[in-house]
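Structure first, then comments.
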Amino acid sequence: MILVVLENQRGSIHPFSIEAVAAGQRFASELNCNLGIVCMGEKVDELKSQAQNFKSSQLIIAKNPMIDMYSADGYSKVLSNIINELSPKYVLMGHSYMVRDFLPRVSAKLDIPFVSDIISVDFNNGSPLYSKQVFNAKLATSIELSSDQALLSFQSAAFSSDDIENGSPETEIEFDVQISDQDIRSESEPEFQESSSGVDLTAAELIVSVGRGIESEDNLPLMQSLADSMGAEVASSRPVVDMGWLPAYRQVGSSGQVVSPKLYFSVGISGAIQHVVGMKGSKNILAINKDEDAPIFEIADYAVIGDLMEIVPKLTEEINNSK
Amino acid sequence: MKIAVLTKAIPSYESSIRVDSSGKWIDESVVNYVVNESDSYALEEALQIKENIGIETEVVVVTLGSEANTSKVIKDGLAKGADRGIFIKNDSVTTDPLSIAKLFSEHLKSENFDLVLSGLQSDDMGAGQTGVLIGEMLNMSTATLAIETQAQPDKIKVKRELESGWFQWVSLPLPASISIQSGINEPRYPSLKGIMGAKRKELNTYDGSPENQSQNFVNLYVPKNEKVTEKIEGDTDTIVSKIMDVLKNKLKVI
Ligand SMILES: Cc1cc2nc3c(=O)[nH]c(=O)nc-3n(C[C@H](O)[C@H](O)[C@H](O)COP(=O)(O)OP(=O)(O)OC[C@H]3O[C@@H](n4cnc5c(N)ncnc54)[C@H](O)[C@@H]3O)c2cc1C
Ligand SMILES: Nc1ncnc2c1ncn2[C@@H]1O[C@H](COP(=O)(O)O)[C@@H](O)[C@H]1O
């Protein structure tokens, strides 16, 4: 059996979960086994009503007031119990922040390996190989497992929600959740958003985005001048914000804004996945990087291989002269 | 309070990463090893907790790897202010998060740490699991993606980063294992006095190689291009005039 575990994201099914269902259906057909879809915890009824639209062998509903709110302790305990009872070969989820937070606990509890952040699967006649990015996305690897069972999480777009086979579950069961007060050690407060008073990068047509490659805060004015010469907004990768060179609202990526300008002009950014998910929808991507193997070049339309410190000032001057 | 900080040696971002002749690992001889980014934030957080909590606190840097790759990491941690080091010497290529966490747990168990701080993710392996695995193995409460902490002698409250701009405060009883997101603080530089003093600090070394790894790399390869990419290279003047052509004539943005 293959299990897919659905996740709620503030009231609806997490987009990564839908891709995980596509993955689950593919696993079930490649490995010729049953597919179970688990709805547990937060907003379980909403998850259930969505899951009733996907073709599967079984819907497994795990309901209990103790897990109405997410906690790593609660979720890992309940999912471990489900795995113990149903003995699935593979348990599949999207590689979300929640999965990062609790699925390793399940792995350690049950001594089942967890292959996280998978970008593709080669089914290899029944003994799958899992590809993932390593060394900061500069290389990829195929991973082979020596165990009978595994937990797997997928990077966004590893499987496509377009491939989902609609239908309905053949059977439905309520899982008997055994959990007590003592199992949950943490206390969670309500989720909140911080008011962002900054610019709306999502509306920008042109973006000059700077990364750690600019090396020093002192070089920011040069980048700002390049942006000004084109009438572009300045954006950045996470380290630039972490180091306090630019405010958080200028950050692009999985923990920043998602942008899709006409031109994304990337300067000294390596192209880690958490950055790329925030800008890969740009109509045109031009990237300057001195490392010709930088992963950003895999998605760039124009790959400028060179030293940004030499190129940016001259380019700014040329643009200004051309007006 | 006793705090362990896991700090890993990883290839610096400028290092050239080449697959070695086995096809399964990188050529380490051309790589410069540095402290994993989120781990340096974890160390700073531990040092700040020690300075502010008001009870006697020991900060211990812990690393696992080969001596050649990790020695700088330990020295750097001690120079910044950690009190002691634990070095788990492992010369084999270890690609399995469960095995790594078991090695750590085995050697950390008897220390009875109140707090284990780790980075959110290692930039080389990118599993994003080690801190949580250890937490479960040592029966600690866990939280990930911490971007603020408030520590007390018996509990810790952390602000967690959630997806798409949301946050949440979570309180955990100690012992706890917490993974730290980058940007949580401003990591300090070691002082000259710290660097001199580091040599006299205690370092416990253990041998630890994994027994059976459940996750093994079959091969390492350079990812394929997803798009048709036009390369722009040459001397600076050539590059600048080619970019001008793109901006002006192809994209018509200037
Ligand atoms: C859960 C999580 C969430 C994250 N969220 C985000 C996010 O929202 N946004 C984000 O950006 N990151 C995010 N990250 C971090 C991400 O993994 C990378 O660490 C980050 O994107 C790297 O930023 P960078 O490319 O600027 O720096 P680096 O990876 O250090 O790259 C710097 C680049 O500059 C190049 N360079 C250096 N000098 C020069 C020069 N003189 N000329 C030309 N090129 C030069 C180098 O070759 C290198 O490629 C997140 C990570 C995690 C784990
Ligand atoms: N070999 C190691 N030595 C020290 N710390 C490690 C090691 N492997 C993992 N860690 C810690 O665990 C975190 C997460 O690593 P990973 O699970 O590999 O993404 C890292 O940021 C480190 O804090």
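By order of appearance in the structure tokens: chains A, B, ..., then residues from 1 within every chain, and ligands from 1 in the order shown.
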Please, which residues have at least one atom within 6 Å of an atom of ligand 2, using only C-alpha atoms and all ligand atoms, listed as a list in words?
Leu6, Thr7, Lys8, Ser38, Asp39, Thr63, Leu64, Gly65, Ser118, Gly119, Leu120, Gln121, Ser122, Met125, Gly126, Ala127, Gly128, Gln129, Thr130 and Gly131 of chain B
Can you write just those residues out, C-alpha atoms, as a tab-separated table (two decimals), in the first residue's frame?
chain	number	residue	atom	x	y	z
B	6	LEU	CA	25.43	21.36	15.89
B	7	THR	CA	27.73	22.99	13.39
B	8	LYS	CA	28.59	21.34	10.12
B	38	SER	CA	22.17	28.46	9.43
B	39	ASP	CA	24.51	26.78	11.95
B	63	THR	CA	30.44	18.47	14.76
B	64	LEU	CA	30.67	15.25	12.80
B	65	GLY	CA	32.95	14.66	9.84
B	118	SER	CA	20.95	23.12	14.93
B	119	GLY	CA	20.71	24.76	11.55
B	120	LEU	CA	17.50	24.41	9.60
B	121	GLN	CA	19.25	22.65	6.76
B	122	SER	CA	22.76	21.74	5.69
B	125	MET	CA	22.98	17.49	1.91
B	126	GLY	CA	19.89	19.61	2.38
B	127	ALA	CA	17.96	16.94	4.27
B	128	GLY	CA	16.53	19.40	6.78
B	129	GLN	CA	16.04	16.57	9.26
B	130	THR	CA	18.94	16.14	11.66
B	131	GLY	CA	17.80	18.37	14.54
Only residues of chain B matter here; which ones have an atom within 7 Å of chain A, counting only C-alpha atoms? Give them as number ranges by chain.
B: 98, 123-129, 132-133, 136-137, 141, 143-144, 162-173, 182-183, 214-223, 225-233, 236, 240, 254
How about saving the chosen residues, N, CA and C atoms kept, as a short mmCIF file (atom, residue, chain, number, x, y, z; two decimals), in the first residue's frame?
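again_1.cif, written as the output of this step:
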data_model
loop_
_atom_site.label_atom_id
_atom_site.label_comp_id
_atom_site.auth_asym_id
_atom_site.auth_seq_id
_atom_site.Cartn_x
_atom_site.Cartn_y
_atom_site.Cartn_z
N LEU B 98 19.26 9.39 9.02
CA LEU B 98 19.01 8.57 10.21
C LEU B 98 20.32 8.11 10.85
N ASP B 123 23.64 23.00 3.81
CA ASP B 123 23.61 23.44 2.41
C ASP B 123 24.19 22.40 1.46
N ASP B 124 24.90 21.38 1.98
CA ASP B 124 25.40 20.34 1.06
C ASP B 124 24.38 19.21 0.89
N MET B 125 23.93 18.60 2.01
CA MET B 125 22.98 17.49 1.91
C MET B 125 21.54 17.96 1.80
N GLY B 126 21.22 19.03 2.49
CA GLY B 126 19.89 19.61 2.38
C GLY B 126 18.76 18.70 2.84
N ALA B 127 19.02 17.83 3.81
CA ALA B 127 17.96 16.94 4.27
C ALA B 127 16.94 17.72 5.10
N GLY B 128 17.43 18.66 5.91
CA GLY B 128 16.53 19.40 6.78
C GLY B 128 15.90 18.52 7.84
N GLN B 129 16.63 17.53 8.34
CA GLN B 129 16.04 16.57 9.26
C GLN B 129 16.78 16.39 10.58
N VAL B 132 15.57 17.49 14.19
CA VAL B 132 14.30 16.88 14.62
C VAL B 132 14.50 15.39 14.92
N LEU B 133 15.29 14.72 14.09
CA LEU B 133 15.57 13.29 14.34
C LEU B 133 16.21 13.12 15.71
N GLU B 136 13.72 13.53 18.58
CA GLU B 136 12.90 12.35 18.83
C GLU B 136 13.73 11.26 19.51
N MET B 137 14.96 11.05 19.03
CA MET B 137 15.79 9.98 19.59
C MET B 137 16.15 10.23 21.05
N SER B 141 11.33 17.72 23.11
CA SER B 141 10.35 18.40 22.26
C SER B 141 11.12 19.11 21.14
N ALA B 143 11.10 21.96 17.63
CA ALA B 143 10.49 22.98 16.77
C ALA B 143 11.51 23.35 15.69
N THR B 144 11.00 23.71 14.51
CA THR B 144 11.89 24.05 13.40
C THR B 144 11.63 25.48 12.94
N LEU B 162 6.35 30.28 9.23
CA LEU B 162 5.48 29.37 8.48
C LEU B 162 5.53 29.80 7.02
N GLU B 163 4.73 29.13 6.19
CA GLU B 163 4.78 29.48 4.77
C GLU B 163 4.05 30.79 4.48
N SER B 164 4.35 31.36 3.34
CA SER B 164 3.75 32.58 2.77
C SER B 164 3.51 33.70 3.78
N GLY B 165 4.55 34.03 4.52
CA GLY B 165 4.51 35.22 5.37
C GLY B 165 3.77 35.07 6.69
N TRP B 166 3.47 33.85 7.11
CA TRP B 166 2.82 33.63 8.39
C TRP B 166 3.82 33.18 9.45
N PHE B 167 3.48 33.44 10.70
CA PHE B 167 4.36 33.08 11.82
C PHE B 167 3.53 32.49 12.95
N GLN B 168 4.23 31.88 13.91
CA GLN B 168 3.53 31.31 15.06
C GLN B 168 4.50 31.19 16.24
N TRP B 169 4.02 31.55 17.41
CA TRP B 169 4.80 31.33 18.63
C TRP B 169 4.45 29.97 19.22
N VAL B 170 5.47 29.23 19.60
CA VAL B 170 5.27 27.92 20.22
C VAL B 170 6.12 27.84 21.48
N SER B 171 5.53 27.37 22.58
CA SER B 171 6.28 27.17 23.83
C SER B 171 6.59 25.70 24.00
N LEU B 172 7.83 25.41 24.35
CA LEU B 172 8.24 24.02 24.52
C LEU B 172 8.90 23.85 25.87
N PRO B 173 8.60 22.73 26.55
CA PRO B 173 9.34 22.45 27.77
C PRO B 173 10.74 21.95 27.40
N SER B 182 17.99 31.05 9.10
CA SER B 182 18.97 32.13 8.93
C SER B 182 18.31 33.49 9.15
N GLY B 183 19.11 34.47 9.57
CA GLY B 183 18.59 35.82 9.76
C GLY B 183 18.07 36.10 11.15
N SER B 214 20.74 3.65 5.26
CA SER B 214 19.56 3.27 4.48
C SER B 214 19.44 4.10 3.20
N GLN B 215 20.05 5.28 3.18
CA GLN B 215 19.99 6.10 1.96
C GLN B 215 21.40 6.21 1.38
N ASN B 216 21.58 5.74 0.16
CA ASN B 216 22.90 5.79 -0.47
C ASN B 216 22.84 6.49 -1.81
N PHE B 217 23.89 7.27 -2.09
CA PHE B 217 23.96 7.93 -3.40
C PHE B 217 24.42 6.93 -4.44
N VAL B 218 23.64 6.78 -5.49
CA VAL B 218 24.04 5.91 -6.59
C VAL B 218 25.01 6.67 -7.49
N ASN B 219 24.73 7.92 -7.69
CA ASN B 219 25.60 8.76 -8.52
C ASN B 219 25.36 10.23 -8.20
N LEU B 220 26.30 11.05 -8.64
CA LEU B 220 26.15 12.50 -8.53
C LEU B 220 26.28 13.03 -9.95
N TYR B 221 25.47 14.02 -10.30
CA TYR B 221 25.58 14.55 -11.67
C TYR B 221 25.22 16.02 -11.71
N VAL B 222 25.65 16.65 -12.81
CA VAL B 222 25.32 18.06 -13.01
C VAL B 222 23.93 18.12 -13.63
N PRO B 223 23.02 18.89 -13.00
CA PRO B 223 21.64 18.93 -13.50
C PRO B 223 21.58 19.48 -14.93
N ASN B 225 20.00 21.56 -18.14
CA ASN B 225 19.30 22.82 -18.37
C ASN B 225 17.84 22.59 -18.71
N GLU B 226 16.97 23.41 -18.10
CA GLU B 226 15.55 23.26 -18.39
C GLU B 226 15.12 24.10 -19.57
N LYS B 227 15.94 25.09 -19.88
CA LYS B 227 15.53 26.09 -20.85
C LYS B 227 16.60 26.23 -21.93
N VAL B 228 16.25 26.85 -23.04
CA VAL B 228 17.27 27.23 -24.01
C VAL B 228 17.89 28.52 -23.49
N THR B 229 19.15 28.43 -23.15
CA THR B 229 19.80 29.59 -22.55
C THR B 229 20.82 30.16 -23.52
N GLU B 230 20.75 31.48 -23.70
CA GLU B 230 21.76 32.13 -24.54
C GLU B 230 22.91 32.56 -23.65
N LYS B 231 24.09 32.07 -23.94
CA LYS B 231 25.26 32.42 -23.13
C LYS B 231 25.84 33.75 -23.58
N ILE B 232 26.15 34.59 -22.62
CA ILE B 232 26.81 35.86 -22.93
C ILE B 232 28.15 35.88 -22.21
N GLU B 233 29.23 35.79 -22.99
CA GLU B 233 30.57 35.75 -22.37
C GLU B 233 31.51 36.67 -23.14
N THR B 236 34.64 42.43 -20.72
CA THR B 236 33.54 43.23 -20.16
C THR B 236 32.83 44.07 -21.23
N VAL B 240 28.91 43.81 -22.05
CA VAL B 240 28.02 44.96 -21.88
C VAL B 240 27.28 45.26 -23.18
N ILE B 254 14.47 49.01 -22.48
CA ILE B 254 15.07 50.35 -22.34
C ILE B 254 14.99 51.07 -23.69
#
Give me, as a list in words, the residues of stretch 182-253 of chain B that a backbone DSSP run labels strand (DSSP E).
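Everything in stretch 182-253 of chain B that counts as strand (DSSP E) is Glu202, Leu203, Asn204, Thr205, Tyr206, Asp207, Gln215, Asn216, Phe217, Val218, Asn219, Leu220, Tyr221, Glu230, Lys231 and Ile232 of chain B.
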Would you return as an mmCIF file with all heavy atoms, in the first residue's frame the members of stretch 39-71 of chain B that DSSP assigns to alpha helix (DSSP H) on this structure's backbone?
data_model
loop_
_atom_site.group_PDB
_atom_site.id
_atom_site.type_symbol
_atom_site.label_atom_id
_atom_site.label_comp_id
_atom_site.auth_asym_id
_atom_site.auth_seq_id
_atom_site.Cartn_x
_atom_site.Cartn_y
_atom_site.Cartn_z
ATOM 1 N N ASP B 39 23.844 27.205 10.709
ATOM 2 C CA ASP B 39 24.509 26.783 11.947
ATOM 3 C C ASP B 39 25.216 27.955 12.625
ATOM 4 O O ASP B 39 25.324 28.000 13.854
ATOM 5 C CB ASP B 39 25.555 25.686 11.677
ATOM 6 C CG ASP B 39 24.955 24.472 11.003
ATOM 7 O OD1 ASP B 39 23.745 24.485 10.709
ATOM 8 O OD2 ASP B 39 25.700 23.516 10.757
ATOM 9 N N SER B 40 25.730 28.894 11.831
ATOM 10 C CA SER B 40 26.397 30.017 12.487
ATOM 11 C C SER B 40 25.376 30.914 13.183
ATOM 12 O O SER B 40 25.662 31.519 14.207
ATOM 13 C CB SER B 40 27.313 30.789 11.523
ATOM 14 O OG SER B 40 26.554 31.351 10.510
ATOM 15 N N TYR B 41 24.155 30.946 12.636
ATOM 16 C CA TYR B 41 23.078 31.652 13.353
ATOM 17 C C TYR B 41 22.691 30.892 14.627
ATOM 18 O O TYR B 41 22.384 31.492 15.650
ATOM 19 C CB TYR B 41 21.864 31.827 12.447
ATOM 20 C CG TYR B 41 22.045 32.875 11.360
ATOM 21 C CD1 TYR B 41 22.396 32.531 10.064
ATOM 22 C CD2 TYR B 41 21.874 34.221 11.646
ATOM 23 C CE1 TYR B 41 22.560 33.491 9.069
ATOM 24 C CE2 TYR B 41 22.032 35.198 10.671
ATOM 25 C CZ TYR B 41 22.383 34.818 9.374
ATOM 26 O OH TYR B 41 22.537 35.779 8.407
ATOM 27 N N ALA B 42 22.716 29.553 14.558
ATOM 28 C CA ALA B 42 22.370 28.738 15.737
ATOM 29 C C ALA B 42 23.393 28.966 16.851
ATOM 30 O O ALA B 42 23.034 29.109 18.029
ATOM 31 C CB ALA B 42 22.313 27.259 15.353
ATOM 32 N N LEU B 43 24.663 29.035 16.477
ATOM 33 C CA LEU B 43 25.701 29.260 17.492
ATOM 34 C C LEU B 43 25.520 30.632 18.150
ATOM 35 O O LEU B 43 25.588 30.766 19.378
ATOM 36 C CB LEU B 43 27.100 29.155 16.860
ATOM 37 C CG LEU B 43 28.262 29.505 17.789
ATOM 38 C CD1 LEU B 43 28.300 28.582 19.006
ATOM 39 C CD2 LEU B 43 29.597 29.450 17.047
ATOM 40 N N GLU B 44 25.275 31.643 17.328
ATOM 41 C CA GLU B 44 25.078 32.984 17.887
ATOM 42 C C GLU B 44 23.880 32.997 18.844
ATOM 43 O O GLU B 44 23.934 33.598 19.925
ATOM 44 C CB GLU B 44 24.860 33.998 16.757
ATOM 45 C CG GLU B 44 24.577 35.430 17.227
ATOM 46 C CD GLU B 44 25.718 36.035 18.027
ATOM 47 O OE1 GLU B 44 26.896 35.721 17.734
ATOM 48 O OE2 GLU B 44 25.442 36.821 18.968
ATOM 49 N N GLU B 45 22.804 32.308 18.479
ATOM 50 C CA GLU B 45 21.621 32.264 19.328
ATOM 51 C C GLU B 45 21.963 31.622 20.678
ATOM 52 O O GLU B 45 21.552 32.114 21.732
ATOM 53 C CB GLU B 45 20.511 31.484 18.609
ATOM 54 C CG GLU B 45 19.107 31.765 19.109
ATOM 55 C CD GLU B 45 18.638 33.207 18.952
ATOM 56 O OE1 GLU B 45 19.232 33.992 18.185
ATOM 57 O OE2 GLU B 45 17.662 33.559 19.639
ATOM 58 N N ALA B 46 22.759 30.546 20.629
ATOM 59 C CA ALA B 46 23.158 29.875 21.869
ATOM 60 C C ALA B 46 24.000 30.809 22.738
ATOM 61 O O ALA B 46 23.793 30.893 23.965
ATOM 62 C CB ALA B 46 23.954 28.611 21.547
ATOM 63 N N LEU B 47 24.917 31.532 22.115
ATOM 64 C CA LEU B 47 25.772 32.440 22.889
ATOM 65 C C LEU B 47 24.934 33.562 23.511
ATOM 66 O O LEU B 47 25.152 33.965 24.650
ATOM 67 C CB LEU B 47 26.883 33.016 21.995
ATOM 68 C CG LEU B 47 27.898 31.983 21.465
ATOM 69 C CD1 LEU B 47 28.839 32.615 20.446
ATOM 70 C CD2 LEU B 47 28.698 31.355 22.614
ATOM 71 N N GLN B 48 23.950 34.049 22.768
ATOM 72 C CA GLN B 48 23.098 35.109 23.325
ATOM 73 C C GLN B 48 22.224 34.580 24.464
ATOM 74 O O GLN B 48 21.991 35.287 25.443
ATOM 75 C CB GLN B 48 22.227 35.727 22.222
ATOM 76 C CG GLN B 48 23.054 36.549 21.251
ATOM 77 C CD GLN B 48 22.204 37.352 20.275
ATOM 78 O OE1 GLN B 48 20.995 37.485 20.445
ATOM 79 N NE2 GLN B 48 22.840 37.897 19.241
ATOM 80 N N ILE B 49 21.746 33.343 24.337
ATOM 81 C CA ILE B 49 20.966 32.759 25.429
ATOM 82 C C ILE B 49 21.837 32.681 26.683
ATOM 83 O O ILE B 49 21.434 33.077 27.778
ATOM 84 C CB ILE B 49 20.410 31.368 25.043
ATOM 85 C CG1 ILE B 49 19.328 31.523 23.961
ATOM 86 C CG2 ILE B 49 19.834 30.638 26.265
ATOM 87 C CD1 ILE B 49 18.823 30.209 23.367
ATOM 88 N N LYS B 50 23.064 32.209 26.492
ATOM 89 C CA LYS B 50 23.992 32.103 27.626
ATOM 90 C C LYS B 50 24.201 33.472 28.295
ATOM 91 O O LYS B 50 24.205 33.584 29.518
ATOM 92 C CB LYS B 50 25.330 31.543 27.141
ATOM 93 C CG LYS B 50 26.424 31.514 28.196
ATOM 94 C CD LYS B 50 27.734 30.966 27.619
ATOM 95 C CE LYS B 50 28.893 31.409 28.490
ATOM 96 N NZ LYS B 50 29.598 30.291 29.117
ATOM 97 N N GLU B 51 24.340 34.499 27.475
ATOM 98 C CA GLU B 51 24.611 35.831 28.025
ATOM 99 C C GLU B 51 23.402 36.441 28.737
ATOM 100 O O GLU B 51 23.558 37.273 29.621
ATOM 101 C CB GLU B 51 25.073 36.775 26.890
ATOM 102 C CG GLU B 51 26.512 36.492 26.467
ATOM 103 C CD GLU B 51 26.814 36.949 25.039
ATOM 104 O OE1 GLU B 51 25.932 37.567 24.390
ATOM 105 O OE2 GLU B 51 27.932 36.664 24.561
ATOM 106 N N ASN B 52 22.216 36.016 28.335
ATOM 107 C CA ASN B 52 21.019 36.700 28.853
ATOM 108 C C ASN B 52 20.177 35.915 29.847
ATOM 109 O O ASN B 52 19.307 36.487 30.491
ATOM 110 C CB ASN B 52 20.119 37.117 27.680
ATOM 111 C CG ASN B 52 20.848 38.077 26.750
ATOM 112 O OD1 ASN B 52 21.620 38.916 27.215
ATOM 113 N ND2 ASN B 52 20.642 37.951 25.460
ATOM 114 N N GLU B 67 38.485 15.011 10.088
ATOM 115 C CA GLU B 67 39.274 16.026 10.787
ATOM 116 C C GLU B 67 39.641 17.179 9.851
ATOM 117 O O GLU B 67 39.517 18.348 10.201
ATOM 118 C CB GLU B 67 40.540 15.366 11.344
ATOM 119 C CG GLU B 67 41.258 16.243 12.323
ATOM 120 C CD GLU B 67 41.933 15.425 13.429
ATOM 121 O OE1 GLU B 67 41.878 14.178 13.397
ATOM 122 O OE2 GLU B 67 42.508 16.070 14.311
ATOM 123 N N ALA B 68 40.055 16.834 8.636
ATOM 124 C CA ALA B 68 40.494 17.862 7.689
ATOM 125 C C ALA B 68 39.382 18.869 7.400
ATOM 126 O O ALA B 68 39.619 20.074 7.361
ATOM 127 C CB ALA B 68 40.957 17.202 6.393
ATOM 128 N N ASN B 69 38.170 18.378 7.241
ATOM 129 C CA ASN B 69 37.079 19.285 6.874
ATOM 130 C C ASN B 69 36.543 20.093 8.048
ATOM 131 O O ASN B 69 36.089 21.224 7.881
ATOM 132 C CB ASN B 69 35.915 18.501 6.260
ATOM 133 C CG ASN B 69 36.300 17.785 4.984
ATOM 134 O OD1 ASN B 69 37.392 18.012 4.462
ATOM 135 N ND2 ASN B 69 35.427 16.935 4.501
ATOM 136 N N THR B 70 36.556 19.494 9.244
ATOM 137 C CA THR B 70 35.822 20.121 10.346
ATOM 138 C C THR B 70 36.683 20.940 11.315
ATOM 139 O O THR B 70 36.131 21.676 12.119
ATOM 140 C CB THR B 70 35.098 19.063 11.202
ATOM 141 O OG1 THR B 70 36.082 18.182 11.735
ATOM 142 C CG2 THR B 70 34.085 18.282 10.416
ATOM 143 N N SER B 71 38.018 20.807 11.243
ATOM 144 C CA SER B 71 38.820 21.415 12.308
ATOM 145 C C SER B 71 38.570 22.920 12.424
ATOM 146 O O SER B 71 38.498 23.467 13.516
ATOM 147 C CB SER B 71 40.308 21.115 12.086
ATOM 148 O OG SER B 71 40.725 21.743 10.906
#
Please determine, counting only C-alpha atoms and all ligand atoms, which residue among B:Glu111, B:Leu145, B:Ala79, B:Ile184 has the shortest atom-to-atom distance to ligand 1.
B:Leu145
Name the closest residue to ligand 1 among the candidates B:Arg200, B:Lys80, B:Arg160, B:His107; distances are taken between atoms, counting only C-alpha atoms and all ligand atoms.
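Going through B:Arg200, B:Lys80, B:Arg160, B:His107 one by one, the smallest distance to ligand 1 is for B:Arg160.
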Considering only C-alpha atoms, return as a list in words whatever protein or nucleic-acid residues lie within 8 Å of A:Met66, sequence-local ones (same chain, fewer than 5 positions apart) excluded.
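Near neighbours after the sequence-gap exclusion: Gly74, Ile179, Ser180 and Asp181 of chain A.
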For a quick check of understanding, using only C-alpha atoms and all ligand atoms, which of B:Thr205, B:Ser12, B:Gln152, B:Thr95 has the smallest distance to ligand 1?
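Ranking B:Thr205, B:Ser12, B:Gln152, B:Thr95 by distance to ligand 1, first place goes to B:Ser12.
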Within 9 Å of stretch 162-173 of chain A, counting only C-alpha atoms, which residues qualify if same-chain residues fewer than 5 places away don't, as a PyMOL selection string?
chain A and resi 18-19+21-23+25-26+36-37+51-62
Using only C-alpha atoms and all ligand atoms for the distances, tell me which of B:Ile17, B:Met244, B:Met196, B:Ala101 is nearest to ligand 1.
B:Ile17
Could you tell me how far atom CA of A:Val5 lies from atom CA of A:Met93, in Å and to one decimal?
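The value is 5.7 Å.
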Rank nothing, just name the residue among B:Ser16, B:Thr149, B:Thr94, B:Ser22 nearest to B:Gln181, using only C-alpha atoms.
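Of B:Ser16, B:Thr149, B:Thr94, B:Ser22, the one nearest B:Gln181 is B:Thr149, counting only C-alpha atoms.
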